[in-house]
Structures are given as structure tokens and as C-alpha cells.
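Student: Sharing start.tsv here; it has TSV, C-alpha atoms and all ligand atoms.
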chain	number	residue	atom	x	y	z
W	1	MET	CA	0.00	0.00	0.00
W	2	ALA	CA	1.53	3.32	-1.07
W	3	ASN	CA	1.82	5.53	1.99
W	4	ALA	CA	0.19	8.96	1.65
W	5	PRO	CA	2.92	11.62	2.11
W	6	PHE	CA	2.62	13.59	5.37
W	7	GLU	CA	3.64	17.22	5.09
W	8	LEU	CA	5.40	18.82	8.10
W	9	LYS	CA	5.46	22.31	6.58
W	10	GLY	CA	3.11	24.66	8.43
W	11	LYS	CA	2.12	21.97	10.95
W	12	THR	CA	2.46	22.29	14.75
W	13	VAL	CA	5.07	19.67	15.62
W	14	PHE	CA	5.76	18.67	19.24
W	15	VAL	CA	9.23	17.25	19.95
W	16	ALA	CA	8.91	15.50	23.31
W	17	GLY	CA	12.36	15.25	24.89
W	18	HIS	CA	13.91	18.14	22.92
W	19	ARG	CA	16.80	18.60	25.37
W	20	GLY	CA	18.02	15.01	24.95
W	21	MET	CA	20.49	13.78	22.32
W	22	VAL	CA	17.73	12.51	19.98
W	23	GLY	CA	15.34	15.42	20.63
W	24	SER	CA	17.99	18.08	19.99
W	25	ALA	CA	19.05	16.32	16.76
W	26	LEU	CA	15.39	16.29	15.66
W	27	LEU	CA	15.16	20.05	16.31
W	28	ARG	CA	18.32	20.63	14.22
W	29	ARG	CA	16.89	18.58	11.33
W	30	LEU	CA	13.32	19.96	11.64
W	31	ALA	CA	14.62	23.53	11.39
W	32	ARG	CA	14.52	23.24	7.58
W	33	GLU	CA	11.00	21.79	7.37
W	34	GLY	CA	9.03	24.99	7.92
W	35	ALA	CA	7.07	23.48	10.80
W	36	ASP	CA	5.85	25.31	13.90
W	37	LEU	CA	7.96	23.54	16.56
W	38	LEU	CA	6.61	23.03	20.07
W	39	THR	CA	8.79	22.02	23.02
W	40	ILE	CA	8.32	21.94	26.79
W	41	SER	CA	10.81	21.63	29.62
W	42	ARG	CA	10.43	19.08	32.42
W	43	SER	CA	9.80	21.94	34.87
W	44	GLU	CA	6.83	23.12	32.78
W	45	VAL	CA	5.27	19.69	32.21
W	46	ASP	CA	6.49	16.42	33.73
W	47	LEU	CA	5.50	13.90	31.04
W	48	ARG	CA	5.01	11.26	33.76
W	49	ASN	CA	2.10	13.34	35.12
W	50	GLN	CA	-1.00	12.40	33.13
W	51	ALA	CA	-3.14	15.37	34.17
W	52	ALA	CA	-0.39	17.83	33.25
W	53	VAL	CA	0.15	16.13	29.87
W	54	ASP	CA	-3.61	16.09	29.12
W	55	ALA	CA	-3.95	19.79	30.00
W	56	TRP	CA	-0.98	20.80	27.82
W	57	PHE	CA	-2.16	18.74	24.83
W	58	ALA	CA	-5.73	20.14	25.13
W	59	ALA	CA	-4.29	23.66	25.03
W	60	LYS	CA	-1.73	23.15	22.24
W	61	ARG	CA	-3.26	20.31	20.10
W	62	PRO	CA	-0.05	19.48	18.18
W	63	GLN	CA	-0.67	18.04	14.69
W	64	ALA	CA	2.46	15.84	14.80
W	65	VAL	CA	4.45	14.38	17.69
W	66	PHE	CA	7.99	12.94	17.87
W	67	LEU	CA	7.97	10.97	21.13
W	68	ALA	CA	11.71	11.10	21.85
W	69	ALA	CA	11.35	11.75	25.60
W	70	ALA	CA	12.55	8.79	27.69
W	71	LYS	CA	14.71	7.86	30.62
W	72	VAL	CA	17.76	6.44	28.86
W	73	GLY	CA	21.26	5.27	29.74
W	74	GLY	CA	23.92	2.68	29.25
W	75	ILE	CA	24.16	-0.85	30.54
W	76	VAL	CA	24.99	0.12	34.15
W	77	ALA	CA	22.22	2.74	34.36
W	78	ASN	CA	19.68	0.25	33.01
W	79	ASN	CA	20.78	-2.48	35.36
W	80	THR	CA	20.91	-0.21	38.44
W	81	LEU	CA	17.85	2.04	38.06
W	82	ARG	CA	15.53	-0.80	37.03
W	83	ALA	CA	12.35	0.60	38.67
W	84	GLU	CA	12.89	4.12	37.31
W	85	PHE	CA	13.54	2.84	33.78
W	86	LEU	CA	10.28	0.88	33.86
W	87	TYR	CA	8.06	3.47	35.57
W	88	ASP	CA	9.33	6.64	33.83
W	89	ASN	CA	9.27	5.17	30.34
W	90	LEU	CA	5.87	3.48	30.73
W	91	ALA	CA	4.35	6.70	32.14
W	92	ILE	CA	5.84	8.95	29.44
W	93	SER	CA	4.77	6.66	26.60
W	94	THR	CA	1.21	6.01	27.80
W	95	ASN	CA	0.54	9.66	28.68
W	96	VAL	CA	1.82	11.12	25.41
W	97	ILE	CA	0.27	8.49	23.14
W	98	GLN	CA	-3.16	8.76	24.84
W	99	ALA	CA	-3.11	12.59	24.89
W	100	SER	CA	-2.05	12.66	21.22
W	101	HIS	CA	-5.03	10.49	20.31
W	102	ALA	CA	-7.47	12.44	22.52
W	103	ASN	CA	-6.43	15.77	20.96
W	104	GLY	CA	-6.54	15.02	17.27
W	105	CYS	CA	-2.84	14.45	16.57
W	106	GLU	CA	-2.52	13.48	12.88
W	107	LYS	CA	0.78	11.58	13.16
W	108	LEU	CA	3.04	10.36	15.98
W	109	MET	CA	6.45	8.67	15.88
W	110	PHE	CA	7.39	6.45	18.83
W	111	PHE	CA	11.08	5.77	19.43
W	112	GLY	CA	11.90	2.25	20.62
W	113	SER	CA	15.38	0.75	20.89
W	114	SER	CA	17.29	-2.25	19.57
W	115	CYS	CA	17.29	-3.73	23.08
W	116	ILE	CA	13.62	-4.71	22.59
W	117	TYR	CA	14.79	-7.73	20.57
W	118	PRO	CA	15.55	-11.09	22.25
W	119	ARG	CA	19.08	-11.46	23.62
W	120	LEU	CA	19.90	-14.38	21.34
W	121	ALA	CA	17.68	-13.74	18.32
W	122	SER	CA	19.37	-14.53	15.02
W	123	GLN	CA	21.42	-11.65	13.61
W	124	PRO	CA	20.98	-9.34	11.89
W	125	LEU	CA	17.86	-8.61	13.97
W	126	ARG	CA	14.65	-8.48	11.92
W	127	GLU	CA	11.65	-6.43	13.07
W	128	ASP	CA	9.50	-9.58	13.30
W	129	SER	CA	11.84	-11.15	15.91
W	130	MET	CA	10.29	-8.95	18.64
W	131	LEU	CA	8.76	-11.07	21.48
W	132	THR	CA	10.17	-14.34	20.09
W	133	GLY	CA	12.54	-14.96	23.01
W	134	PRO	CA	13.94	-13.82	26.38
W	135	LEU	CA	15.29	-10.29	26.66
W	136	GLU	CA	18.79	-9.18	27.73
W	137	PRO	CA	18.47	-9.12	31.60
W	138	THR	CA	20.55	-5.93	32.10
W	139	ASN	CA	18.01	-3.76	30.26
W	140	GLU	CA	14.78	-5.78	30.53
W	141	PRO	CA	12.79	-3.05	32.37
W	142	TYR	CA	13.59	-0.49	29.68
W	143	ALA	CA	12.87	-3.00	26.91
W	144	ILE	CA	9.48	-3.96	28.42
W	145	ALA	CA	8.49	-0.28	28.66
W	146	LYS	CA	9.51	0.30	25.05
W	147	ILE	CA	7.67	-2.81	23.85
W	148	ALA	CA	4.55	-1.53	25.66
W	149	GLY	CA	4.86	1.78	23.80
W	150	ILE	CA	5.20	-0.04	20.47
W	151	LYS	CA	2.14	-2.17	21.21
W	152	MET	CA	0.19	0.91	22.31
W	153	ALA	CA	0.90	2.75	19.05
W	154	GLU	CA	-0.16	-0.39	17.15
W	155	ALA	CA	-3.38	-0.75	19.24
W	156	TYR	CA	-4.37	2.89	18.69
W	157	ARG	CA	-3.94	2.42	14.95
W	158	SER	CA	-6.05	-0.76	15.08
W	159	GLN	CA	-8.90	0.61	17.25
W	160	TYR	CA	-8.93	4.30	16.31
W	161	GLY	CA	-7.12	4.42	12.97
W	162	SER	CA	-4.39	6.62	14.52
W	163	ASP	CA	-1.42	7.15	12.18
W	164	PHE	CA	1.12	6.28	14.89
W	165	ILE	CA	4.39	4.66	13.74
W	166	SER	CA	7.30	3.09	15.67
W	167	VAL	CA	11.00	3.13	14.81
W	168	MET	CA	13.80	1.04	16.38
W	169	PRO	CA	17.10	2.93	16.47
W	170	THR	CA	20.33	1.02	17.07
W	171	ASN	CA	22.92	2.29	19.61
W	172	LEU	CA	23.21	6.05	19.16
W	173	TYR	CA	25.96	8.59	19.79
W	174	GLY	CA	26.60	12.22	18.90
W	175	PRO	CA	26.31	15.83	20.13
W	176	GLY	CA	24.28	16.34	23.29
W	177	ASP	CA	24.89	12.85	24.64
W	178	ASN	CA	24.99	12.19	28.37
W	179	TYR	CA	28.56	11.90	29.73
W	180	HIS	CA	27.73	10.67	33.24
W	181	PRO	CA	30.75	8.59	34.41
W	182	GLU	CA	28.63	5.57	35.34
W	183	TYR	CA	25.33	5.96	33.49
W	184	SER	CA	26.38	7.01	29.97
W	185	HIS	CA	26.36	4.84	26.84
W	186	VAL	CA	29.65	3.42	25.63
W	187	VAL	CA	30.77	6.00	23.03
W	188	ALA	CA	30.15	8.93	25.40
W	189	GLY	CA	31.71	6.99	28.27
W	190	LEU	CA	34.87	6.28	26.29
W	191	ILE	CA	35.21	9.84	24.94
W	192	ARG	CA	35.05	11.21	28.46
W	193	ARG	CA	37.38	8.61	29.96
W	194	PHE	CA	40.00	8.79	27.20
W	195	HIS	CA	39.90	12.60	27.20
W	196	GLU	CA	40.32	12.83	30.96
W	197	ALA	CA	43.20	10.30	30.82
W	198	LYS	CA	44.91	12.34	28.10
W	199	VAL	CA	44.51	15.62	29.99
W	200	SER	CA	45.64	14.10	33.30
W	201	GLY	CA	48.48	12.10	31.74
W	202	ALA	CA	47.09	8.79	33.05
W	203	GLY	CA	48.89	5.86	31.46
W	204	SER	CA	45.91	3.55	31.00
W	205	VAL	CA	42.12	3.38	30.69
W	206	ALA	CA	40.07	0.35	31.74
W	207	MET	CA	37.21	-0.61	29.39
W	208	TRP	CA	34.17	-2.30	30.89
W	209	GLY	CA	33.66	-5.98	30.09
W	210	THR	CA	35.75	-8.15	27.78
W	211	GLY	CA	35.63	-5.91	24.69
W	212	ALA	CA	34.24	-8.87	22.74
W	213	PRO	CA	30.57	-7.77	22.29
W	214	HIS	CA	29.65	-6.36	18.90
W	215	ARG	CA	27.67	-3.12	18.64
W	216	GLU	CA	26.25	-1.10	15.75
W	217	PHE	CA	26.49	2.68	16.13
W	218	LEU	CA	24.39	5.30	14.34
W	219	TYR	CA	25.26	9.02	14.46
W	220	VAL	CA	22.29	10.83	16.00
W	221	ASP	CA	21.91	13.39	13.19
W	222	ASP	CA	21.51	10.48	10.77
W	223	LEU	CA	18.75	9.12	13.03
W	224	ALA	CA	17.01	12.50	12.89
W	225	ASP	CA	17.21	12.54	9.08
W	226	ALA	CA	15.82	9.01	8.84
W	227	SER	CA	13.02	9.92	11.29
W	228	ILE	CA	11.89	12.93	9.23
W	229	HIS	CA	11.99	10.82	6.07
W	230	LEU	CA	9.78	8.12	7.66
W	231	MET	CA	7.43	10.64	9.31
W	232	LYS	CA	6.75	12.06	5.85
W	233	THR	CA	6.51	8.79	3.92
W	234	TYR	CA	5.67	5.82	6.18
W	235	SER	CA	2.26	4.88	7.65
W	236	SER	CA	2.12	1.23	8.70
W	237	PRO	CA	1.93	-0.72	11.96
W	238	GLU	CA	5.18	-2.60	11.25
W	239	LEU	CA	8.33	-1.49	13.10
W	240	VAL	CA	11.21	0.03	11.15
W	241	ASN	CA	14.79	-0.62	12.29
W	242	ILE	CA	17.09	2.40	11.88
W	243	GLY	CA	20.80	1.58	11.78
W	244	THR	CA	23.88	1.34	9.59
W	245	GLY	CA	23.82	-2.43	9.02
W	246	GLU	CA	27.44	-2.75	10.24
W	247	ASP	CA	28.90	-3.52	13.67
W	248	ILE	CA	32.30	-3.65	15.40
W	249	THR	CA	33.63	-5.06	18.65
W	250	ILE	CA	33.88	-2.83	21.69
W	251	ALA	CA	37.65	-3.39	21.64
W	252	GLU	CA	37.81	-2.04	18.05
W	253	LEU	CA	35.61	0.89	19.11
W	254	ALA	CA	38.00	1.69	21.97
W	255	LEU	CA	40.93	1.97	19.53
W	256	MET	CA	38.89	4.30	17.29
W	257	VAL	CA	37.85	6.59	20.16
W	258	ALA	CA	41.40	6.63	21.63
W	259	ALA	CA	42.76	7.64	18.21
W	260	ALA	CA	40.12	10.39	17.77
W	261	VAL	CA	40.82	11.76	21.26
W	262	GLY	CA	44.59	11.41	20.91
W	263	PHE	CA	45.02	9.08	23.90
W	264	ARG	CA	48.19	7.01	23.45
W	265	GLY	CA	48.22	5.05	26.72
W	266	GLU	CA	47.27	1.48	27.45
W	267	ILE	CA	43.75	0.06	27.17
W	268	SER	CA	42.81	-2.65	29.70
W	269	PHE	CA	39.55	-4.58	30.31
W	270	ASP	CA	37.66	-4.65	33.62
W	271	THR	CA	35.77	-7.93	33.36
W	272	SER	CA	33.99	-7.27	36.68
W	273	ARG	CA	31.74	-5.02	34.53
W	274	PRO	CA	28.93	-6.60	32.42
W	275	ASP	CA	29.23	-7.21	28.68
W	276	GLY	CA	25.47	-7.18	28.13
W	277	THR	CA	24.06	-8.79	25.01
W	278	PRO	CA	26.78	-10.32	22.80
W	279	ARG	CA	25.49	-8.68	19.60
W	280	LYS	CA	22.53	-6.60	18.35
W	281	LEU	CA	23.08	-5.80	14.67
W	282	LEU	CA	19.89	-4.56	13.01
W	283	ASP	CA	18.53	-5.80	9.70
W	284	VAL	CA	18.01	-2.49	7.86
W	285	SER	CA	16.63	-3.91	4.61
W	286	ARG	CA	13.12	-2.52	5.29
W	287	LEU	CA	14.63	0.95	5.86
W	288	ALA	CA	16.61	0.62	2.60
W	289	ARG	CA	13.41	-0.37	0.75
W	290	LEU	CA	11.81	2.74	2.26
W	291	GLY	CA	14.56	4.82	0.65
W	292	TRP	CA	17.03	5.70	3.41
W	293	ARG	CA	20.66	4.80	4.15
W	294	ALA	CA	23.02	6.08	6.88
W	295	GLN	CA	25.42	8.81	5.69
W	296	THR	CA	27.97	9.35	8.50
W	297	SER	CA	30.86	6.90	8.99
W	298	LEU	CA	31.73	5.87	12.56
W	299	GLU	CA	35.17	7.50	12.30
W	300	GLU	CA	33.65	10.80	11.13
W	301	GLY	CA	30.85	10.63	13.70
W	302	ILE	CA	33.27	10.06	16.59
W	303	GLN	CA	35.36	13.06	15.46
W	304	LEU	CA	32.22	15.26	15.33
W	305	THR	CA	31.07	13.99	18.73
W	306	TYR	CA	34.44	14.62	20.38
W	307	ARG	CA	34.46	18.16	18.94
W	308	ALA	CA	30.96	18.74	20.39
W	309	TYR	CA	32.09	17.29	23.72
W	310	LEU	CA	34.99	19.75	23.86
W	311	ALA	CA	32.70	22.65	22.96
W	312	ASP	CA	29.83	21.64	25.30
W	313	ASN	CA	32.16	20.93	28.20
W	314	LYS	CA	34.20	24.04	27.49
W	315	TRP	CA	37.33	21.91	27.48
W	316	THR	CA	40.35	23.60	25.95
W	317	ALA	CA	41.95	20.80	23.96
W	318	PRO	CA	45.65	20.76	25.01
W	319	GLU	CA	48.14	21.39	22.16
B	401	LIG	O1	26.51	1.45	25.45
B	401	LIG	P1	26.27	0.41	26.49
B	401	LIG	O2	26.23	0.87	27.90
B	401	LIG	O3	24.90	-0.25	26.13
B	401	LIG	O4	27.38	-0.75	26.46
B	401	LIG	P2	24.37	-1.63	25.57
B	401	LIG	C1	27.86	-1.27	25.25
B	401	LIG	C2	29.00	-2.22	25.55
B	401	LIG	O5	30.15	-1.39	25.84
B	401	LIG	C3	28.84	-3.15	26.76
B	401	LIG	C4	30.85	-1.91	26.97
B	401	LIG	O6	29.37	-4.40	26.39
B	401	LIG	C5	29.72	-2.50	27.82
B	401	LIG	O7	30.27	-3.45	28.71
B	401	LIG	N1	31.58	-0.81	27.60
B	401	LIG	C6	32.94	-0.73	27.68
B	401	LIG	C7	31.06	0.29	28.15
B	401	LIG	N2	33.32	0.40	28.30
B	401	LIG	C8	32.16	1.06	28.60
B	401	LIG	C9	31.89	2.32	29.22
B	401	LIG	O8	32.79	3.07	29.64
B	401	LIG	N3	30.58	2.69	29.33
B	401	LIG	C10	29.56	1.90	28.88
B	401	LIG	N4	28.29	2.35	29.01
B	401	LIG	N5	29.76	0.68	28.28
B	401	LIG	C11	22.13	-0.36	26.04
B	401	LIG	C12	20.88	-0.60	26.82
B	401	LIG	O9	22.88	-1.58	26.09
B	401	LIG	O10	21.87	-0.07	24.67
B	401	LIG	C13	19.93	0.57	26.67
B	401	LIG	O11	21.22	-0.81	28.18
B	401	LIG	C14	19.74	0.96	25.23
B	401	LIG	O12	18.70	0.22	27.20
B	401	LIG	C15	21.07	1.11	24.53
B	401	LIG	O13	18.99	-0.02	24.57
B	401	LIG	C16	20.84	1.38	23.04
B	401	LIG	O14	24.42	-1.57	24.09
B	401	LIG	O15	25.02	-2.80	26.21
Please render this file's structure as C-alpha cells.
Tutor:
Amino acid sequence: MANAPFELKGKTVFVAGHRGMVGSALLRRLAREGADLLTISRSEVDLRNQAAVDAWFAAKRPQAVFLAAAKVGGIVANNTLRAEFLYDNLAISTNVIQASHANGCEKLMFFGSSCIYPRLASQPLREDSMLTGPLEPTNEPYAIAKIAGIKMAEAYRSQYGSDFISVMPTNLYGPGDNYHPEYSHVVAGLIRRFHEAKVSGAGSVAMWGTGAPHREFLYVDDLADASIHLMKTYSSPELVNIGTGEDITIAELALMVAAAVGFRGEISFDTSRPDGTPRKLLDVSRLARLGWRAQTSLEEGIQLTYRAYLADNKWTAPE
């Protein structure tokens, strides 16, 4: 079925989670779409508070919604803050999806994650492998909340005809990432740790885990571009994976980040830290059929991210 194109120009478009890495990349990409962009800060409206979300949506009635707000983090954050990852993400998803439906939203995009797929599903991971096996234990609460959001978008389309779509990004990195020493994702964690080691003259940096897991990494501005493309052209209940279709080991990633940062010390492995799922490479053939491919290489993306890190953190890169 040919999907009717959805125009963003002139529409009121709500970017939920605009301060996050994904939300801020969406704002950068949406700037050239001629839409009327709506954002709210957590202090104005806590998206976990249903009454506050309902009141805001009734007042603003956005015509399109990018639901990029979520409580996110790396493997240690997910495995430590298990209750918060489940509650916050369930509350945000259910409140925003319901309020979008109740206030005439014409199109909504829900952002899932590659961790919704079973830990040992065959690779590359196809969209129809969801719910075919046990999840990775370290991020099960987050995955369950994201699966609930996906199912909710699907149910609203089935019962009410809502044009709500769901995308499954792979591991993301880029400007505006979270650099928390314990709770960040791996690329941000390594940039910070290698940079601090370089500046302090430390001789070595310990990676978490064995370095053996494989991960696929998509630059966040590419995700934003793919999201706009799909928002305009895609209207089906099926999930769409968004990734590069290539993966590397964490040990190979460490060498790339160390080179980009200019850290020349030793890299060791702290195997007291969890590896997480051994691999989660996405099958991106549906995305390719829908007319989109990733543009930014991992080397280039890491350089751009490190430059943003230096600028955001006001670091003066030593000569
Ligand atoms: O990015 P990351 O935390 O998330 O970890 P996941 C990726 C891999 O990098 C794991 C290793 O094997 C880690 O052990 N690693 C090595 C490190 N050094 C570091 C470090 O300094 N920091 C971090 N964070 N990892 C997440 C899920 O899993 O993927 C989220 O927990 C979400 O829910 C996200 O789905 C996309 O890829 O393991």
C-alpha cells in the first residue's frame, strides 16, 4: 500500500524530549521543514504526570508528535535504576500516546530501541523477531516499557485508525549525549574517559567488560534525518529498524575513540563489569526499501562527537 505523504510544513510539531540527544538532533533537522515547533521543559510539564500532559495537549493540540522523551542510559544505568527505567518510560509513553489520540494528533512517531529484541535472536535482527525470546536481563525493564509503547501505538492504529508509527534505532551517539561517568552509553563513556586520561596524563584506561561484544552505532543526526523521512513517507503498523547495518567489537571501538581523542596510553579490560548482550546488529533492509541509508561513517561521527564534547564541556583541547 503506497503511503500517503505527510507534510510537516506549516504543521504544529511537538518534539517530546527536545533537550536530549535525539530530541535536539530532531530540532536541528526539523529547522529546515518549515514546521511550527513546540517544546516543553520538564519543569513546565512532567510527562510522567497524566493530568499535566492532558492539559498541555488540550491547550496546544499538536498536529504531529515525535515521542523522543525517555529515561535512557547505558548498561549500568539500566541495570541499576531498574524501577525508574520501567516506571518513567511506561508513564511517558502512555501519557503522550493517549493525549495525542485524545487531541486530534494526525501523526506520531514512537522511538523504541534495539534492546527490545531477544538477547539471542538470530542476527541481523529483523523487526518480526520482537517477542520471540527472552530479553537481555541488564536492560529488561527499559525493553518492556519500550515494547509496551510499540504495542500501544499499534493498538491505537487498530482501534482508532491513529497514524502512529514506531521506529527502532540502534545504539546512538553524537552531540548532546549524556557523559555521566557511570550511566552514559559506551561512546560517550569512552570519549570522556580517554579525554580525561589524556589531559591528566594517566597511562591507562580500563574498558568495561571483555571488549568482545559487537555493537552497531548510528550518528544521532543520521537518526534525525531518517526519522523525518519516515514521518513524511511511512504509515504502517510494522516497526522500522534504523541503523547502519554494520557492527564492530567494543575493543575495536575503543581503539577508534582513543585515536580520535589522541590518547596514546594502554587500554585494559575490567571484566567485573557486564558485557550485556553479545550482539545486536539490526537488519536495515526494510529501511533501505523505504529509501534511506546512513550517511555518517563511525570515524567521522566520533570526530564530530568529540568536537561537540569539547565545545559543550568548554574543554580547551591541550596542544
Ligand atoms: O553502550 P552500552 O552501555 O549499552 O554498552 P548496551 C555497550 C558495551 O560497551 C557493553 C561496553 O558491552 C559494555 O560493557 N563498555 C565498555 C562500556 N566500556 C564502557 C563504558 O565506559 N561505558 C559503557 N556504558 N559501556 C544499552 C541498553 O545496552 O543499549 C539501553 O542498556 C539501550 O537500554 C542502549 O537499549 C541502546 O548496548 O550494552
Student: Using all atoms listed in the file, what are the residues with an atom within 8 Å of ligand LIG 401 (chain B), set out as a PDB file with C-alpha atoms, in the coordinates of the input?
Tutor:
ATOM      1  CA  VAL W  72      17.760   6.440  28.860  1.00  0.00           C
ATOM      2  CA  GLY W  73      21.260   5.270  29.740  1.00  0.00           C
ATOM      3  CA  GLY W  74      23.920   2.680  29.250  1.00  0.00           C
ATOM      4  CA  ILE W  75      24.160  -0.850  30.540  1.00  0.00           C
ATOM      5  CA  VAL W  76      24.990   0.120  34.150  1.00  0.00           C
ATOM      6  CA  ALA W  77      22.220   2.740  34.360  1.00  0.00           C
ATOM      7  CA  ASN W  78      19.680   0.250  33.010  1.00  0.00           C
ATOM      8  CA  ASN W  79      20.780  -2.480  35.360  1.00  0.00           C
ATOM      9  CA  SER W 113      15.380   0.750  20.890  1.00  0.00           C
ATOM     10  CA  SER W 114      17.290  -2.250  19.570  1.00  0.00           C
ATOM     11  CA  CYS W 115      17.290  -3.730  23.080  1.00  0.00           C
ATOM     12  CA  ILE W 116      13.620  -4.710  22.590  1.00  0.00           C
ATOM     13  CA  THR W 138      20.550  -5.930  32.100  1.00  0.00           C
ATOM     14  CA  ASN W 139      18.010  -3.760  30.260  1.00  0.00           C
ATOM     15  CA  GLU W 140      14.780  -5.780  30.530  1.00  0.00           C
ATOM     16  CA  TYR W 142      13.590  -0.490  29.680  1.00  0.00           C
ATOM     17  CA  ALA W 143      12.870  -3.000  26.910  1.00  0.00           C
ATOM     18  CA  PRO W 169      17.100   2.930  16.470  1.00  0.00           C
ATOM     19  CA  THR W 170      20.330   1.020  17.070  1.00  0.00           C
ATOM     20  CA  ASN W 171      22.920   2.290  19.610  1.00  0.00           C
ATOM     21  CA  LEU W 172      23.210   6.050  19.160  1.00  0.00           C
ATOM     22  CA  PRO W 181      30.750   8.590  34.410  1.00  0.00           C
ATOM     23  CA  GLU W 182      28.630   5.570  35.340  1.00  0.00           C
ATOM     24  CA  TYR W 183      25.330   5.960  33.490  1.00  0.00           C
ATOM     25  CA  SER W 184      26.380   7.010  29.970  1.00  0.00           C
ATOM     26  CA  HIS W 185      26.360   4.840  26.840  1.00  0.00           C
ATOM     27  CA  VAL W 186      29.650   3.420  25.630  1.00  0.00           C
ATOM     28  CA  VAL W 187      30.770   6.000  23.030  1.00  0.00           C
ATOM     29  CA  ALA W 188      30.150   8.930  25.400  1.00  0.00           C
ATOM     30  CA  GLY W 189      31.710   6.990  28.270  1.00  0.00           C
ATOM     31  CA  LEU W 190      34.870   6.280  26.290  1.00  0.00           C
ATOM     32  CA  ARG W 193      37.380   8.610  29.960  1.00  0.00           C
ATOM     33  CA  ALA W 206      40.070   0.350  31.740  1.00  0.00           C
ATOM     34  CA  MET W 207      37.210  -0.610  29.390  1.00  0.00           C
ATOM     35  CA  TRP W 208      34.170  -2.300  30.890  1.00  0.00           C
ATOM     36  CA  GLY W 209      33.660  -5.980  30.090  1.00  0.00           C
ATOM     37  CA  THR W 210      35.750  -8.150  27.780  1.00  0.00           C
ATOM     38  CA  GLY W 211      35.630  -5.910  24.690  1.00  0.00           C
ATOM     39  CA  ALA W 212      34.240  -8.870  22.740  1.00  0.00           C
ATOM     40  CA  PRO W 213      30.570  -7.770  22.290  1.00  0.00           C
ATOM     41  CA  HIS W 214      29.650  -6.360  18.900  1.00  0.00           C
ATOM     42  CA  ARG W 215      27.670  -3.120  18.640  1.00  0.00           C
ATOM     43  CA  ILE W 250      33.880  -2.830  21.690  1.00  0.00           C
ATOM     44  CA  ALA W 254      38.000   1.690  21.970  1.00  0.00           C
ATOM     45  CA  ARG W 273      31.740  -5.020  34.530  1.00  0.00           C
ATOM     46  CA  PRO W 274      28.930  -6.600  32.420  1.00  0.00           C
ATOM     47  CA  ASP W 275      29.230  -7.210  28.680  1.00  0.00           C
ATOM     48  CA  GLY W 276      25.470  -7.180  28.130  1.00  0.00           C
ATOM     49  CA  THR W 277      24.060  -8.790  25.010  1.00  0.00           C
ATOM     50  CA  PRO W 278      26.780 -10.320  22.800  1.00  0.00           C
ATOM     51  CA  LYS W 280      22.530  -6.600  18.350  1.00  0.00           C
TER      52      LYS W 280
END
Student: Work out how far apart atom CA of Asp270 of chain W and atom CA of Asp247 of chain W are and give it in Å to one decimal.
Tutor: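 Between atom CA of Asp270 of chain W and atom CA of Asp247 of chain W the gap works out to 21.8 Å.
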Student: Rounded to one decimal, what separation in Å do you get between atom CA of Val220 of chain W and atom CA of Val65 of chain W?
Tutor: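 Separation between atom CA of Val220 of chain W and atom CA of Val65 of chain W: 18.3 Å.
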Student: Report, in Å to a single decimal, how far apart atom CA of Leu310 of chain W and atom CA of Ala258 of chain W are.
Tutor: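 Calculated distance between atom CA of Ala258 of chain W and atom CA of Leu310 of chain W is 14.8 Å.
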Student: Which one of W:Arg19, W:Leu290, W:Asn241, W:Ala25 sits closest to Ile40 of chain W if you count only C-alpha atoms?
Tutor: W:Arg19
Student: Residues at most 12 Å from Glu154 of chain W, counting all atoms listed in the file, excluding those fewer than 6 positions away in the same chain, as a PDB file with C-alpha atoms, keeping the file's coordinate frame?
Tutor:
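Once written, part.pdb looks like this:
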ATOM      1  CA  ILE W  97       0.270   8.490  23.140  1.00  0.00           C
ATOM      2  CA  LEU W 108       3.040  10.360  15.980  1.00  0.00           C
ATOM      3  CA  MET W 109       6.450   8.670  15.880  1.00  0.00           C
ATOM      4  CA  PHE W 110       7.390   6.450  18.830  1.00  0.00           C
ATOM      5  CA  ILE W 147       7.670  -2.810  23.850  1.00  0.00           C
ATOM      6  CA  ALA W 148       4.550  -1.530  25.660  1.00  0.00           C
ATOM      7  CA  TYR W 160      -8.930   4.300  16.310  1.00  0.00           C
ATOM      8  CA  GLY W 161      -7.120   4.420  12.970  1.00  0.00           C
ATOM      9  CA  SER W 162      -4.390   6.620  14.520  1.00  0.00           C
ATOM     10  CA  ASP W 163      -1.420   7.150  12.180  1.00  0.00           C
ATOM     11  CA  PHE W 164       1.120   6.280  14.890  1.00  0.00           C
ATOM     12  CA  ILE W 165       4.390   4.660  13.740  1.00  0.00           C
ATOM     13  CA  SER W 166       7.300   3.090  15.670  1.00  0.00           C
ATOM     14  CA  VAL W 167      11.000   3.130  14.810  1.00  0.00           C
ATOM     15  CA  SER W 235       2.260   4.880   7.650  1.00  0.00           C
ATOM     16  CA  SER W 236       2.120   1.230   8.700  1.00  0.00           C
ATOM     17  CA  PRO W 237       1.930  -0.720  11.960  1.00  0.00           C
ATOM     18  CA  GLU W 238       5.180  -2.600  11.250  1.00  0.00           C
ATOM     19  CA  LEU W 239       8.330  -1.490  13.100  1.00  0.00           C
TER      20      LEU W 239
END
Student: Which residue is closest to Thr80 of chain W? Choose from W:Met21, W:Thr132, W:Pro141, W:Thr39 and count only C-alpha atoms.
Tutor: W:Pro141
Student: Quick one: residues within 12 Å of Gln159 of chain W, only C-alpha atoms counted, chain neighbours fewer than 6 positions away excluded, as a list of chain:residue names?
Tutor: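 Here the qualifying residues turn out to be W:His101, W:Met152, W:Ala153.
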Student: Report as a tab-separated table (two decimals) with C-alpha atoms, in the frame of the given file all protein, DNA and RNA residues lying within 8 Å of Pro118 of chain W, evaluated on only C-alpha atoms, omitting residues in the same chain fewer than 2 positions from it.
Tutor:
chain	number	residue	atom	x	y	z
W	115	CYS	CA	17.29	-3.73	23.08
W	116	ILE	CA	13.62	-4.71	22.59
W	120	LEU	CA	19.90	-14.38	21.34
W	121	ALA	CA	17.68	-13.74	18.32
W	129	SER	CA	11.84	-11.15	15.91
W	130	MET	CA	10.29	-8.95	18.64
W	131	LEU	CA	8.76	-11.07	21.48
W	132	THR	CA	10.17	-14.34	20.09
W	133	GLY	CA	12.54	-14.96	23.01
W	134	PRO	CA	13.94	-13.82	26.38
W	135	LEU	CA	15.29	-10.29	26.66
W	136	GLU	CA	18.79	-9.18	27.73
Student: Pick out the residues sitting within 10 Å of Ile267 of chain W, and hand them over as a ChimeraX atom specification; count only C-alpha atoms, and ignore anything fewer than 2 positions along from it in its own chain.
Tutor: /W:194,203-207,251,254-255,258,263-265,269
Student: Between W:Gln98, W:Ser93, W:Asn178, W:Ser200, which one has atoms that come closest to Arg48 of chain W, using only C-alpha atoms?
Tutor: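 Smallest separation from Arg48 of chain W among the options: W:Ser93.
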Student: Calculated over all atoms listed in the file, which of the candidates W:Ala4, W:Leu30, W:Ile248, W:Ala311 has the smallest distance to Asp225 of chain W?
Tutor: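 Looking at the shortest contact to Asp225 of chain W, the residue is W:Leu30.
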